[in-house]
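Okay, work_24.cif now, which holds mmCIF, C-alpha atoms:
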data_target
#
loop_
_atom_site.label_atom_id
_atom_site.label_comp_id
_atom_site.auth_asym_id
_atom_site.auth_seq_id
_atom_site.Cartn_x
_atom_site.Cartn_y
_atom_site.Cartn_z
CA MET D 27 -26.34 -4.94 9.17
CA THR D 28 -24.69 -6.09 5.96
CA THR D 29 -22.26 -3.72 4.23
CA ARG D 30 -22.95 -3.56 0.49
CA VAL D 31 -19.70 -3.42 -1.49
CA ALA D 32 -19.07 -2.21 -5.02
CA LEU D 33 -15.81 -3.81 -6.16
CA VAL D 34 -13.91 -2.10 -8.97
CA GLY D 35 -11.40 -4.28 -10.79
CA GLY D 36 -12.88 -7.43 -9.34
CA THR D 37 -11.61 -9.68 -12.14
CA GLY D 38 -7.93 -8.76 -11.74
CA ARG D 39 -5.43 -10.62 -9.57
CA LEU D 40 -5.91 -8.51 -6.45
CA GLY D 41 -9.60 -7.94 -7.16
CA SER D 42 -10.25 -11.67 -7.38
CA ILE D 43 -8.64 -12.21 -3.98
CA ILE D 44 -10.67 -9.36 -2.49
CA ALA D 45 -13.85 -10.80 -3.99
CA GLU D 46 -13.19 -14.17 -2.33
CA VAL D 47 -12.49 -12.51 1.03
CA ILE D 48 -15.70 -10.46 0.86
CA GLU D 49 -17.72 -13.57 0.03
CA ALA D 50 -16.23 -15.40 3.02
CA THR D 51 -16.57 -12.50 5.49
CA ALA D 52 -19.75 -12.14 7.52
CA GLY D 53 -21.36 -8.72 7.33
CA PHE D 54 -20.16 -7.91 3.80
CA GLU D 55 -21.83 -8.53 0.45
CA THR D 56 -20.66 -7.68 -3.07
CA VAL D 57 -23.53 -5.95 -4.87
CA ALA D 58 -21.63 -4.75 -7.96
CA VAL D 59 -18.42 -5.72 -9.75
CA LEU D 60 -17.14 -3.02 -12.10
CA GLY D 61 -14.75 -3.62 -14.97
CA SER D 62 -13.03 -1.44 -17.55
CA THR D 63 -16.23 -0.94 -19.55
CA SER D 64 -18.52 -0.31 -16.57
CA ASP D 65 -20.17 3.01 -15.85
CA LEU D 66 -19.22 4.39 -12.45
CA SER D 67 -22.91 4.87 -11.70
CA GLU D 68 -22.98 1.13 -11.03
CA MET D 69 -21.50 1.88 -7.62
CA ASP D 70 -24.68 3.77 -6.67
CA GLY D 71 -26.38 2.26 -3.64
CA ALA D 72 -23.22 0.71 -2.22
CA ASP D 73 -22.07 1.35 1.35
CA LEU D 74 -18.40 0.87 0.48
CA VAL D 75 -16.40 1.07 -2.75
CA VAL D 76 -13.30 -1.14 -2.98
CA ASP D 77 -10.84 -0.06 -5.66
CA ALA D 78 -8.53 -2.72 -7.10
CA SER D 79 -8.27 -1.16 -10.54
CA THR D 80 -5.25 0.47 -12.21
CA PRO D 81 -3.32 3.66 -11.37
CA ALA D 82 -4.65 5.38 -14.51
CA VAL D 83 -8.30 5.21 -13.45
CA SER D 84 -8.05 4.93 -9.67
CA VAL D 85 -8.30 8.67 -9.02
CA ASP D 86 -11.58 8.84 -10.97
CA ILE D 87 -12.98 5.95 -8.94
CA VAL D 88 -12.00 7.56 -5.65
CA ARG D 89 -13.51 10.90 -6.65
CA ALA D 90 -16.70 9.21 -7.85
CA ALA D 91 -17.10 7.44 -4.50
CA ILE D 92 -16.46 10.67 -2.57
CA ASP D 93 -18.96 12.57 -4.74
CA ARG D 94 -21.58 9.95 -3.87
CA GLY D 95 -20.81 10.11 -0.15
CA ILE D 96 -19.52 6.52 -0.14
CA ASN D 97 -16.45 5.38 1.80
CA VAL D 98 -13.69 3.93 -0.34
CA LEU D 99 -10.97 1.35 0.27
CA VAL D 100 -8.08 1.69 -2.21
CA GLY D 101 -5.74 -1.20 -2.91
CA THR D 102 -4.50 0.21 -6.22
CA SER D 103 -0.86 1.27 -6.56
CA GLY D 104 0.26 4.77 -7.44
CA TRP D 105 -1.08 6.69 -4.44
CA SER D 106 1.91 8.63 -3.13
CA ALA D 107 1.57 11.10 -0.28
CA GLU D 108 1.36 13.93 -2.82
CA ARG D 109 -1.47 12.25 -4.73
CA ILE D 110 -3.41 11.46 -1.56
CA ALA D 111 -3.09 15.13 -0.54
CA LEU D 112 -5.06 16.08 -3.65
CA VAL D 113 -8.18 14.20 -2.52
CA ARG D 114 -7.88 14.96 1.20
CA PRO D 115 -9.95 18.20 0.98
CA LEU D 116 -12.66 16.37 -0.98
CA VAL D 117 -12.90 13.66 1.68
CA GLU D 118 -12.99 16.19 4.52
CA THR D 119 -15.69 18.25 2.80
CA ALA D 120 -17.80 15.16 2.09
CA GLY D 121 -17.36 13.81 5.62
CA THR D 122 -16.56 10.37 4.26
CA GLY D 123 -13.57 8.06 4.67
CA ALA D 124 -10.86 7.02 2.21
CA VAL D 125 -8.49 4.20 3.21
CA PHE D 126 -5.33 3.65 1.14
CA ILE D 127 -3.51 0.34 1.56
CA PRO D 128 -0.16 0.08 -0.31
CA ASN D 129 0.11 -3.59 0.69
CA PHE D 130 -2.37 -5.90 2.42
CA SER D 131 0.40 -8.21 3.65
CA LEU D 132 1.23 -8.05 7.35
CA GLY D 133 4.80 -9.16 6.65
CA SER D 134 5.27 -6.34 4.16
CA VAL D 135 3.94 -3.78 6.65
CA ILE D 136 6.35 -5.05 9.31
CA GLY D 137 9.23 -4.96 6.83
CA SER D 138 8.51 -1.32 5.97
CA ALA D 139 8.20 -0.46 9.66
CA LEU D 140 11.56 -2.10 10.42
CA ALA D 141 13.15 -0.11 7.60
CA ALA D 142 11.72 3.14 8.99
CA ALA D 143 12.82 2.27 12.53
CA SER D 144 16.36 1.63 11.28
CA ALA D 145 16.56 4.58 8.90
CA ARG D 146 18.14 7.18 11.17
CA PHE D 147 21.06 4.90 11.98
CA PHE D 148 22.26 4.42 8.40
CA PRO D 149 23.33 7.18 6.00
CA SER D 150 22.76 5.17 2.80
CA ILE D 151 19.42 3.48 2.02
CA GLU D 152 18.13 2.02 -1.25
CA ILE D 153 15.11 -0.08 -2.17
CA VAL D 154 14.91 -2.84 -4.77
CA GLU D 155 11.39 -4.07 -5.51
CA THR D 156 10.51 -6.93 -7.84
CA HIS D 157 7.12 -7.88 -9.29
CA ARG D 158 5.87 -10.04 -12.13
CA GLU D 159 6.24 -8.64 -15.63
CA THR D 160 2.52 -7.87 -15.90
CA LYS D 161 2.57 -5.16 -13.21
CA VAL D 162 2.00 -1.97 -15.19
CA ASP D 163 3.29 0.63 -12.72
CA SER D 164 6.62 1.26 -11.07
CA PRO D 165 7.81 1.85 -8.47
CA SER D 166 5.33 -0.16 -6.45
CA GLY D 167 3.04 1.46 -3.92
CA THR D 168 4.79 -0.48 -1.17
CA ALA D 169 8.19 0.90 -2.20
CA VAL D 170 6.79 4.43 -2.28
CA ARG D 171 5.25 3.98 1.17
CA THR D 172 8.51 2.57 2.55
CA ALA D 173 10.54 5.45 1.14
CA GLU D 174 8.10 8.00 2.57
CA LEU D 175 8.29 6.37 6.01
CA ILE D 176 12.09 6.37 5.81
CA ALA D 177 12.10 10.07 4.94
CA ALA D 178 9.74 10.84 7.83
CA ALA D 179 11.98 8.90 10.22
CA ARG D 180 14.96 10.94 9.03
CA ALA D 181 13.19 14.31 9.37
CA ASP D 182 15.78 15.47 11.93
CA THR D 183 18.68 13.61 10.32
CA GLY D 184 18.25 14.75 6.74
CA PRO D 185 17.95 12.95 3.40
CA VAL D 186 19.82 9.74 2.73
CA GLU D 187 23.17 9.77 1.00
CA ALA D 188 22.57 8.88 -2.65
CA PRO D 189 25.51 9.73 -4.93
CA HIS D 190 25.18 10.05 -8.71
CA VAL D 191 21.37 10.11 -8.69
CA ASP D 192 21.46 12.17 -11.90
CA GLN D 193 22.27 8.90 -13.71
CA ARG D 194 19.18 6.97 -14.81
CA ALA D 195 20.67 3.64 -13.73
CA ARG D 196 20.66 4.89 -10.13
CA GLY D 197 16.88 4.43 -9.91
CA GLN D 198 14.08 6.85 -9.18
CA GLN D 199 14.39 9.01 -6.09
CA ILE D 200 11.35 8.81 -3.82
CA ALA D 201 11.67 11.12 -0.79
CA SER D 202 15.46 11.06 -1.39
CA VAL D 203 15.60 7.23 -1.40
CA PRO D 204 16.73 5.56 -4.67
CA VAL D 205 14.17 2.94 -5.71
CA HIS D 206 14.94 0.28 -8.31
CA SER D 207 12.08 -1.68 -9.95
CA LEU D 208 12.45 -5.11 -11.53
CA ARG D 209 9.68 -6.64 -13.64
CA ARG D 210 10.23 -10.28 -14.52
CA PRO D 211 8.38 -13.60 -14.76
CA GLY D 212 8.65 -16.23 -12.05
CA VAL D 213 8.13 -13.89 -9.10
CA VAL D 214 5.06 -12.64 -7.23
CA ALA D 215 6.35 -9.70 -5.17
CA LYS D 216 9.58 -9.04 -3.33
CA GLN D 217 11.09 -5.98 -1.71
CA GLU D 218 14.59 -5.44 -0.35
CA THR D 219 15.52 -2.38 1.69
CA ILE D 220 19.29 -2.09 1.93
CA LEU D 221 20.65 0.16 4.68
CA SER D 222 24.39 0.81 4.72
CA GLY D 223 26.83 2.52 7.08
CA PRO D 224 30.54 2.43 7.81
CA GLY D 225 31.67 -1.19 7.82
CA GLU D 226 28.21 -2.82 7.75
CA SER D 227 24.88 -3.19 6.03
CA LEU D 228 21.39 -4.33 6.97
CA THR D 229 19.03 -5.84 4.39
CA ILE D 230 15.34 -6.23 5.15
CA VAL D 231 13.61 -8.56 2.69
CA HIS D 232 9.96 -9.44 2.27
CA ASP D 233 8.76 -12.13 -0.16
CA THR D 234 5.14 -12.75 -1.07
CA VAL D 235 4.80 -16.46 -1.79
CA ASP D 236 1.02 -16.99 -1.88
CA PRO D 237 -0.90 -13.72 -2.39
CA GLY D 238 -4.27 -15.18 -1.44
CA ALA D 239 -3.06 -16.44 1.91
CA ALA D 240 -0.83 -13.43 2.56
CA TYR D 241 -3.37 -10.71 1.77
CA ALA D 242 -6.58 -12.16 3.21
CA PRO D 243 -6.05 -11.16 6.88
CA GLY D 244 -5.11 -7.63 5.88
CA ILE D 245 -8.07 -7.33 3.52
CA ARG D 246 -10.47 -8.36 6.29
CA THR D 247 -8.95 -5.80 8.64
CA ALA D 248 -9.06 -3.07 6.00
CA LEU D 249 -12.69 -3.82 5.09
CA ALA D 250 -13.77 -3.45 8.72
CA ALA D 251 -11.81 -0.20 9.11
CA ALA D 252 -12.94 1.31 5.80
CA ARG D 253 -16.61 0.69 6.55
CA ASP D 254 -16.59 3.20 9.41
CA ALA D 255 -13.57 5.37 8.53
CA ARG D 256 -13.67 9.16 8.51
CA GLY D 257 -11.02 11.21 6.77
CA ILE D 258 -7.86 9.83 5.18
CA VAL D 259 -6.26 6.65 6.53
CA VAL D 260 -3.02 5.31 5.03
CA GLY D 261 -1.51 1.88 5.55
CA LEU D 262 -2.43 -1.32 7.32
CA ASP D 263 -0.13 -0.18 10.13
CA SER D 264 -2.75 2.49 10.94
CA MET D 265 -5.19 -0.25 11.90
CA ILE D 266 -3.13 -2.77 13.81
CA ASP D 267 -0.52 -2.59 16.55
CA ILE D 268 2.66 -4.14 15.18
CA GLY D 269 4.70 -2.98 18.16
CA ILE D 270 6.79 -0.53 16.14
CA ARG D 271 6.11 3.19 16.33
CA LEU D 272 6.03 4.71 12.87
CA PRO D 273 6.82 8.36 12.12
CA SER D 274 3.91 10.59 11.12
CA SER D 275 1.68 7.55 10.70
CA PRO D 276 -2.09 8.22 10.92
CA ARG D 277 -3.73 6.16 13.60
CA ALA D 278 -7.17 4.58 13.47
CA ALA D 279 -8.82 2.05 15.72
CA ALA D 280 -9.61 -1.26 14.07
CA PRO D 281 -9.62 -4.97 14.88
CA VAL D 282 -6.25 -6.68 14.96
CA ALA D 283 -5.59 -8.84 11.91
CA ASP D 284 -5.43 -12.61 12.03
CA ASP D 285 -2.07 -14.30 11.87
CA ALA D 286 -0.74 -14.00 8.33
CA SER D 287 0.50 -16.94 6.30
CA GLY D 288 1.75 -17.59 2.80
CA GLN D 289 4.61 -15.09 3.10
CA ALA D 290 8.19 -14.94 4.32
CA ALA D 291 10.07 -11.98 5.76
CA ARG D 292 13.68 -11.89 6.82
CA ALA D 293 16.31 -9.43 7.98
CA THR D 294 19.97 -10.11 7.36
CA GLY D 295 23.08 -8.29 8.52
CA ALA D 296 26.51 -8.30 6.87
#

Turn this file's structure into structure tokens for me.
Amino acid sequence: MTTRVALVGGTGRLGSIIAEVIEATAGFETVAVLGSTSDLSEMDGADLVVDASTPAVSVDIVRAAIDRGINVLVGTSGWSAERIALVRPLVETAGTGAVFIPNFSLGSVIGSALAAASARFFPSIEIVETHRETKVDSPSGTAVRTAELIAAARADTGPVEAPHVDQRARGQQIASVPVHSLRRPGVVAKQETILSGPGESLTIVHDTVDPGAAYAPGIRTALAAARDARGIVVGLDSMIDIGIRLPSSPRAAAPVADDASGQAARATGA
């Protein structure tokens, strides 16, 4: 049976990639593409809503899908753990599924998992994330997710050491982790997690080089999971086994993603 998809934000950068993946994936068909002037009733009749819009309108899209009893896959930034908690009761009451993916890149997911796995060994941790100048929100959803995973991993250790955080130049604290956002031309997406301890530091870096190639495997995996999901699911790591146990990470069975390409991840020690 073909899953009918209503794609919101289908003409944006991420939305265009998702649209191409849906078209090339057996068992899925785009039946509506909603833009900024569309009425949300255009999602009526869909089996799955995919949200690739903007943080300002994403919550309305998610609520509209839940109200209609339609599962929703969210690729839009801005969904922190606190914001997701606001819609959790709505999803549970409706008996539907809402899947939130901060980053569709397998390399990015692994980078965040490595940061969380290393977090309890280093007292000082900061995140620097860089995106093109047209990205309207900051910090990125990936940085927020990474900081939340770091905090969960340090539940027994305590918050990270972050001196002088009252100064604006020290970044925004997310779950005690200072996050610094750069917006500049000539870059797609890059995140550095810098973990420091006495006499050493560990830097985990992920670069997105080709978004279409990097995101496609994760999008296919997320589409398959979102179609049958129940309740709240957060992160691509909830759908694939990356071999790293994450703290307080919701688990959901789903097909393993294809090998990712078009991206580069590296970890360096100094």

Taking (0.7, 4.5, -9.8) in the file's own coordinates, collect the residues within 6 Å, counting all atoms listed in the file, and hand them back as a ChimeraX atom specification.
/D:81,103-104,163

Writing out the chosen residues with C-alpha atoms as a compact mmCIF listing (two decimals), in the coordinates of the input:
# COMPACT_ATOMS: atom_id res chain seq x y z
CA PRO D 81 -3.32 3.66 -11.37
CA SER D 103 -0.86 1.27 -6.56
CA GLY D 104 0.26 4.77 -7.44
CA ASP D 163 3.29 0.63 -12.72

Explicit residues for the PyMOL selection byres ((chain D and resi 180) around 10) (as a ChimeraX atom specification):
/D:142-149,174-179,181-186,273

Could you please take those selected residues and save C-alpha atoms as an mmCIF file, keeping the file's coordinate frame?
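Generated output (part_38.cif):
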data_model
loop_
_atom_site.group_PDB
_atom_site.id
_atom_site.type_symbol
_atom_site.label_atom_id
_atom_site.label_comp_id
_atom_site.auth_asym_id
_atom_site.auth_seq_id
_atom_site.Cartn_x
_atom_site.Cartn_y
_atom_site.Cartn_z
ATOM 1 C CA ALA D 142 11.720 3.140 8.990
ATOM 2 C CA ALA D 143 12.820 2.270 12.530
ATOM 3 C CA SER D 144 16.360 1.630 11.280
ATOM 4 C CA ALA D 145 16.560 4.580 8.900
ATOM 5 C CA ARG D 146 18.140 7.180 11.170
ATOM 6 C CA PHE D 147 21.060 4.900 11.980
ATOM 7 C CA PHE D 148 22.260 4.420 8.400
ATOM 8 C CA PRO D 149 23.330 7.180 6.000
ATOM 9 C CA GLU D 174 8.100 8.000 2.570
ATOM 10 C CA LEU D 175 8.290 6.370 6.010
ATOM 11 C CA ILE D 176 12.090 6.370 5.810
ATOM 12 C CA ALA D 177 12.100 10.070 4.940
ATOM 13 C CA ALA D 178 9.740 10.840 7.830
ATOM 14 C CA ALA D 179 11.980 8.900 10.220
ATOM 15 C CA ALA D 181 13.190 14.310 9.370
ATOM 16 C CA ASP D 182 15.780 15.470 11.930
ATOM 17 C CA THR D 183 18.680 13.610 10.320
ATOM 18 C CA GLY D 184 18.250 14.750 6.740
ATOM 19 C CA PRO D 185 17.950 12.950 3.400
ATOM 20 C CA VAL D 186 19.820 9.740 2.730
ATOM 21 C CA PRO D 273 6.820 8.360 12.120
#

Return the single residue from D:Glu46, D:Glu108, D:Asp254, D:Glu218 that is closest to Ala141 of chain D, with distances computed using all atoms listed in the file.
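Among D:Glu46, D:Glu108, D:Asp254, D:Glu218, it is D:Glu218 that comes nearest to Ala141 of chain D.
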
Counting all atoms listed in the file, the option among D:Ile92, D:Val100, D:Ile153, D:Ala215 closest to Ile230 of chain D
D:Ile153

Determine the residue membership of the PyMOL selection byres ((chain D and resi 223-227) around 8) for the file above and supply it as a ChimeraX atom specification.
/D:147-150,220-222,228-229,295-296

Measuring atom to atom with all atoms listed in the file, identify which of D:Val76, D:Ala173, D:Ile87, D:Ile245 is nearest to Ser62 of chain D.
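When distances to Ser62 of chain D are compared using all atoms listed in the file, the smallest one comes from D:Ile87.
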
Please identify all polymer residues within 6 Å of Gly35 of chain D, counting only C-alpha atoms, omitting same-chain residues fewer than 2 positions from it, and present them as an mmCIF file with C-alpha atoms, in the frame of the given file.
data_model
loop_
_atom_site.group_PDB
_atom_site.id
_atom_site.type_symbol
_atom_site.label_atom_id
_atom_site.label_comp_id
_atom_site.auth_asym_id
_atom_site.auth_seq_id
_atom_site.Cartn_x
_atom_site.Cartn_y
_atom_site.Cartn_z
ATOM 1 C CA THR D 37 -11.610 -9.680 -12.140
ATOM 2 C CA GLY D 38 -7.930 -8.760 -11.740
ATOM 3 C CA GLY D 41 -9.600 -7.940 -7.160
ATOM 4 C CA GLY D 61 -14.750 -3.620 -14.970
ATOM 5 C CA ALA D 78 -8.530 -2.720 -7.100
ATOM 6 C CA SER D 79 -8.270 -1.160 -10.540
#

Atom-to-atom span, atom CA of Val59 of chain D and atom CA of Leu33 of chain D, Å
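Computing the Euclidean distance for atom CA of Val59 of chain D and atom CA of Leu33 of chain D yields 4.8 Å.
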
Suppose a student applies the PyMOL selection byres ((chain D and resi 167) around 9) to this structure; what residues should they get, written as a list of chain:residue names?
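That selection, the PyMOL selection byres ((chain D and resi 167) around 9), comes back as D:Thr102, D:Ser103, D:Gly104, D:Trp105, D:Ser106, D:Ile127, D:Pro128, D:Asn129, D:Asp163, D:Ser164, D:Pro165, D:Ser166, D:Thr168, D:Ala169, D:Val170, D:Arg171, D:Thr172.
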
Counting all atoms listed in the file, select every polymer residue within 12 Å of (-9.8, 16.7, -2.9) as defined in the file's coordinates, and provide the selection as a PDB file with C-alpha atoms, in the frame of the given file.
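Once everything was written out, this is part.pdb:
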ATOM      1  CA  VAL D  85      -8.300   8.670  -9.020  1.00  0.00           C
ATOM      2  CA  ASP D  86     -11.580   8.840 -10.970  1.00  0.00           C
ATOM      3  CA  VAL D  88     -12.000   7.560  -5.650  1.00  0.00           C
ATOM      4  CA  ARG D  89     -13.510  10.900  -6.650  1.00  0.00           C
ATOM      5  CA  ALA D  90     -16.700   9.210  -7.850  1.00  0.00           C
ATOM      6  CA  ALA D  91     -17.100   7.440  -4.500  1.00  0.00           C
ATOM      7  CA  ILE D  92     -16.460  10.670  -2.570  1.00  0.00           C
ATOM      8  CA  ASP D  93     -18.960  12.570  -4.740  1.00  0.00           C
ATOM      9  CA  GLU D 108       1.360  13.930  -2.820  1.00  0.00           C
ATOM     10  CA  ARG D 109      -1.470  12.250  -4.730  1.00  0.00           C
ATOM     11  CA  ILE D 110      -3.410  11.460  -1.560  1.00  0.00           C
ATOM     12  CA  ALA D 111      -3.090  15.130  -0.540  1.00  0.00           C
ATOM     13  CA  LEU D 112      -5.060  16.080  -3.650  1.00  0.00           C
ATOM     14  CA  VAL D 113      -8.180  14.200  -2.520  1.00  0.00           C
ATOM     15  CA  ARG D 114      -7.880  14.960   1.200  1.00  0.00           C
ATOM     16  CA  PRO D 115      -9.950  18.200   0.980  1.00  0.00           C
ATOM     17  CA  LEU D 116     -12.660  16.370  -0.980  1.00  0.00           C
ATOM     18  CA  VAL D 117     -12.900  13.660   1.680  1.00  0.00           C
ATOM     19  CA  GLU D 118     -12.990  16.190   4.520  1.00  0.00           C
ATOM     20  CA  THR D 119     -15.690  18.250   2.800  1.00  0.00           C
ATOM     21  CA  ALA D 120     -17.800  15.160   2.090  1.00  0.00           C
ATOM     22  CA  GLY D 121     -17.360  13.810   5.620  1.00  0.00           C
ATOM     23  CA  THR D 122     -16.560  10.370   4.260  1.00  0.00           C
ATOM     24  CA  ALA D 124     -10.860   7.020   2.210  1.00  0.00           C
ATOM     25  CA  GLY D 257     -11.020  11.210   6.770  1.00  0.00           C
ATOM     26  CA  ILE D 258      -7.860   9.830   5.180  1.00  0.00           C
TER      27      ILE D 258
END

Size and centre in Å, one decimal, axis-aligned box, all listed segment 81-92 of chain D atoms plus 6 Å per side, as AutoDock Vina command-line options:
--center_x -10.2 --center_y 7.3 --center_z -8.5 --size_x 25.8 --size_y 19.2 --size_z 23.9

Could you tell me which of D:Glu159, D:Asp233, D:Glu49, D:Glu152 comes closest to Ile200 of chain D if we count all atoms listed in the file?
D:Glu152

From the list D:Arg210, D:His232, D:Arg253, D:Arg196, which residue is nearest Leu99 of chain D when using all atoms listed in the file?
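Among D:Arg210, D:His232, D:Arg253, D:Arg196, it is D:Arg253 that comes nearest to Leu99 of chain D.
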
Within 8 Å of Val75 of chain D using all atoms listed in the file, minus same-chain residues under 2 positions, as a PyMOL selection string
chain D and resi 31-34+69+72-73+77+91+96-99

Selected residue of minimal separation from Ala201 of chain D among D:Ala107, D:Pro237, D:Ile270, D:Leu66, counting only C-alpha atoms:
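Using only C-alpha atoms, Ala201 of chain D sits closest to D:Ala107.
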
Figure out the distance between atom CA of Thr234 of chain D and atom CA of Leu272 of chain D, please, to one decimal in Å.
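Those two atoms sit 22.4 Å apart.
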
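Between atom CA of Glu187 of chain D and atom CA of Val203 of chain D lies a distance of 8.3 Å.
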
Could you please fill out segment 110-135 of chain D with N, CA and C atoms and send it back as an mmCIF file, in the frame of the given file?
data_model
loop_
_atom_site.group_PDB
_atom_site.id
_atom_site.type_symbol
_atom_site.label_atom_id
_atom_site.label_comp_id
_atom_site.auth_asym_id
_atom_site.auth_seq_id
_atom_site.Cartn_x
_atom_site.Cartn_y
_atom_site.Cartn_z
ATOM 1 N N ILE D 110 -2.365 11.549 -2.593
ATOM 2 C CA ILE D 110 -3.410 11.460 -1.560
ATOM 3 C C ILE D 110 -3.797 12.851 -1.084
ATOM 4 N N ALA D 111 -2.807 13.757 -1.006
ATOM 5 C CA ALA D 111 -3.090 15.130 -0.540
ATOM 6 C C ALA D 111 -4.090 15.829 -1.451
ATOM 7 N N LEU D 112 -4.142 15.438 -2.717
ATOM 8 C CA LEU D 112 -5.060 16.080 -3.650
ATOM 9 C C LEU D 112 -6.526 15.761 -3.353
ATOM 10 N N VAL D 113 -6.785 14.575 -2.798
ATOM 11 C CA VAL D 113 -8.180 14.200 -2.520
ATOM 12 C C VAL D 113 -8.562 14.426 -1.056
ATOM 13 N N ARG D 114 -7.588 14.752 -0.222
ATOM 14 C CA ARG D 114 -7.880 14.960 1.200
ATOM 15 C C ARG D 114 -8.967 16.021 1.412
ATOM 16 N N PRO D 115 -8.884 17.202 0.761
ATOM 17 C CA PRO D 115 -9.950 18.200 0.980
ATOM 18 C C PRO D 115 -11.323 17.708 0.545
ATOM 19 N N LEU D 116 -11.375 16.890 -0.513
ATOM 20 C CA LEU D 116 -12.660 16.370 -0.980
ATOM 21 C C LEU D 116 -13.268 15.436 0.065
ATOM 22 N N VAL D 117 -12.426 14.586 0.655
ATOM 23 C CA VAL D 117 -12.900 13.660 1.680
ATOM 24 C C VAL D 117 -13.390 14.411 2.912
ATOM 25 N N GLU D 118 -12.623 15.425 3.326
ATOM 26 C CA GLU D 118 -12.990 16.190 4.520
ATOM 27 C C GLU D 118 -14.284 16.960 4.300
ATOM 28 N N THR D 119 -14.465 17.510 3.105
ATOM 29 C CA THR D 119 -15.690 18.250 2.800
ATOM 30 C C THR D 119 -16.899 17.324 2.767
ATOM 31 N N ALA D 120 -16.697 16.123 2.207
ATOM 32 C CA ALA D 120 -17.800 15.160 2.090
ATOM 33 C C ALA D 120 -18.115 14.486 3.414
ATOM 34 N N GLY D 121 -17.152 14.491 4.347
ATOM 35 C CA GLY D 121 -17.360 13.810 5.620
ATOM 36 C C GLY D 121 -17.324 12.306 5.502
ATOM 37 N N THR D 122 -16.659 11.809 4.467
ATOM 38 C CA THR D 122 -16.560 10.370 4.260
ATOM 39 C C THR D 122 -15.184 9.872 4.685
ATOM 40 N N GLY D 123 -14.870 8.627 4.351
ATOM 41 C CA GLY D 123 -13.570 8.060 4.670
ATOM 42 C C GLY D 123 -12.930 7.455 3.442
ATOM 43 N N ALA D 124 -11.615 7.625 3.303
ATOM 44 C CA ALA D 124 -10.860 7.020 2.210
ATOM 45 C C ALA D 124 -9.643 6.331 2.816
ATOM 46 N N VAL D 125 -9.560 5.019 2.631
ATOM 47 C CA VAL D 125 -8.490 4.200 3.210
ATOM 48 C C VAL D 125 -7.592 3.717 2.078
ATOM 49 N N PHE D 126 -6.301 4.021 2.169
ATOM 50 C CA PHE D 126 -5.330 3.650 1.140
ATOM 51 C C PHE D 126 -4.381 2.600 1.717
ATOM 52 N N ILE D 127 -4.331 1.442 1.073
ATOM 53 C CA ILE D 127 -3.510 0.340 1.560
ATOM 54 C C ILE D 127 -2.457 -0.011 0.497
ATOM 55 N N PRO D 128 -1.206 0.429 0.670
ATOM 56 C CA PRO D 128 -0.160 0.080 -0.310
ATOM 57 C C PRO D 128 0.086 -1.419 -0.402
ATOM 58 N N ASN D 129 -0.095 -2.137 0.698
ATOM 59 C CA ASN D 129 0.110 -3.590 0.690
ATOM 60 C C ASN D 129 -0.731 -4.214 1.789
ATOM 61 N N PHE D 130 -1.504 -5.242 1.442
ATOM 62 C CA PHE D 130 -2.370 -5.900 2.420
ATOM 63 C C PHE D 130 -1.636 -6.959 3.237
ATOM 64 N N SER D 131 -0.370 -7.186 2.955
ATOM 65 C CA SER D 131 0.400 -8.210 3.650
ATOM 66 C C SER D 131 0.952 -7.694 4.970
ATOM 67 N N LEU D 132 0.709 -8.420 6.037
ATOM 68 C CA LEU D 132 1.230 -8.050 7.350
ATOM 69 C C LEU D 132 2.753 -8.082 7.354
ATOM 70 N N GLY D 133 3.347 -9.063 6.702
ATOM 71 C CA GLY D 133 4.800 -9.160 6.650
ATOM 72 C C GLY D 133 5.423 -7.968 5.949
ATOM 73 N N SER D 134 4.776 -7.508 4.881
ATOM 74 C CA SER D 134 5.270 -6.340 4.160
ATOM 75 C C SER D 134 5.209 -5.098 5.029
ATOM 76 N N VAL D 135 4.106 -4.934 5.756
ATOM 77 C CA VAL D 135 3.940 -3.780 6.650
ATOM 78 C C VAL D 135 5.032 -3.782 7.719
#
